[in-house]
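Participant: Take this structure, written in structure tokens, and hold onto it; I'll ask about it next.
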Amino acid sequence: MDFKALSRYNQEMAWKIIEETDILNIWSSIGAKINLVGSLKSGLLMKNRDIDFHIYTDELILADSFTAMRRLAERPGIQEILYKNLIDTEEACIEWHAWYEDEEKQMAD
């Protein structure tokens, strides 16, 4: 198996998912700063199309977070969304996960 070719293909598909879901514009619309992190950023996207972002806002407004995720949920291909409220933990954050199914019936989160 050509791992470099697989990684390139998965990266191309991940960027296509980012474009199709419009996730960057969705989060930007609530004033968020979006940072790509993880496997896609490092170029090591192999088995899973795991697309990770750290998203920051000047003020944590829970309703804005739900607004962004509602807009994402309306995009074709989004199959599932998970929410975790970690505001009162050491992380002091909201954690969202969304699963996307592409035309090849491959899942990405």
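A note on labels: chains of the structure tokens are A, B, ... as shown, every chain counts residues from 1, and ligands are counted from 1 in their shown order.
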For the helix (DSSP H, G or I) assignment from backbone DSSP, which residues of chain A qualify? Please present them as a PyMOL selection string.
Facilitator: chain A and resi 3-21+23-28+39-42+62-73
Participant: Residues of chain A classed as strand (DSSP E or B) by DSSP on the backbone are to be reported as number ranges by chain.
Facilitator: A: 33-37, 49, 52-56, 78-86, 93-101, 107-108
Participant: Need the shell around Ile26 (chain A): protein/DNA/RNA residues with any atom at most 10 Å away, counting only C-alpha atoms. Skip same-chain ones fewer than 5 positions apart. Format as a ChimeraX atom specification?
Facilitator: /A:21,31-32,67-72
Participant: For Ala92 (chain A), work out the shell of residues within 12 Å, counting only C-alpha atoms and skipping chain neighbours fewer than 4 positions away, then give it as a CSV table (one decimal) with N, CA, C and O atoms, in the first residue's frame.
Facilitator:
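The file below, around_0.csv, is the result:
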chain,number,residue,atom,x,y,z
A,56,TYR,N,-12.0,29.5,18.8
A,56,TYR,CA,-11.9,30.4,20.0
A,56,TYR,C,-12.8,31.6,19.7
A,56,TYR,O,-12.9,32.1,18.6
A,59,GLU,N,-15.5,35.8,23.9
A,59,GLU,CA,-16.4,35.5,25.0
A,59,GLU,C,-17.1,34.2,24.7
A,59,GLU,O,-17.6,34.0,23.6
A,60,LEU,N,-17.2,33.4,25.7
A,60,LEU,CA,-17.9,32.1,25.5
A,60,LEU,C,-19.4,32.3,25.7
A,60,LEU,O,-19.9,32.5,26.8
A,84,LYS,N,-20.5,18.4,24.3
A,84,LYS,CA,-20.0,18.2,25.7
A,84,LYS,C,-19.8,19.6,26.3
A,84,LYS,O,-19.1,20.4,25.7
A,85,ASN,N,-20.4,19.9,27.4
A,85,ASN,CA,-20.2,21.1,28.1
A,85,ASN,C,-19.1,20.9,29.2
A,85,ASN,O,-19.3,20.2,30.2
A,86,LEU,N,-18.0,21.4,28.9
A,86,LEU,CA,-16.8,21.3,29.8
A,86,LEU,C,-16.4,22.6,30.4
A,86,LEU,O,-15.3,22.8,30.8
A,87,ILE,N,-17.4,23.5,30.5
A,87,ILE,CA,-17.1,24.9,31.0
A,87,ILE,C,-16.6,24.8,32.4
A,87,ILE,O,-15.6,25.6,32.7
A,88,ASP,N,-17.1,24.0,33.2
A,88,ASP,CA,-16.7,23.9,34.6
A,88,ASP,C,-15.6,22.9,34.9
A,88,ASP,O,-15.5,22.4,36.1
Participant: From the options A:Ile55, A:Ile94, A:Ile23, A:Ile17, which residue's atoms come nearest to Asn35 (chain A), counting only C-alpha atoms?
Facilitator: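 Between A:Ile55, A:Ile94, A:Ile23, A:Ile17, the residue approaching Asn35 (chain A) most closely is A:Ile55.
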Participant: I want to know what sits within 10 Å of Ala5 (chain A), based on only C-alpha atoms, with residues of the same chain fewer than 5 positions away left out; could you give that as a short mmCIF file (atom, residue, chain, number, x, y, z; two decimals) with N, CA and C atoms, in the first residue's frame?
Facilitator:
data_model
loop_
_atom_site.label_atom_id
_atom_site.label_comp_id
_atom_site.auth_asym_id
_atom_site.auth_seq_id
_atom_site.Cartn_x
_atom_site.Cartn_y
_atom_site.Cartn_z
N ASN A 10 -6.66 11.21 1.34
CA ASN A 10 -7.48 11.53 2.51
C ASN A 10 -7.42 13.03 2.83
N GLN A 11 -6.28 13.64 2.64
CA GLN A 11 -6.17 15.09 2.86
C GLN A 11 -7.03 15.85 1.85
N MET A 46 -4.28 9.38 7.74
CA MET A 46 -4.13 8.06 7.13
C MET A 46 -5.44 7.28 7.12
#
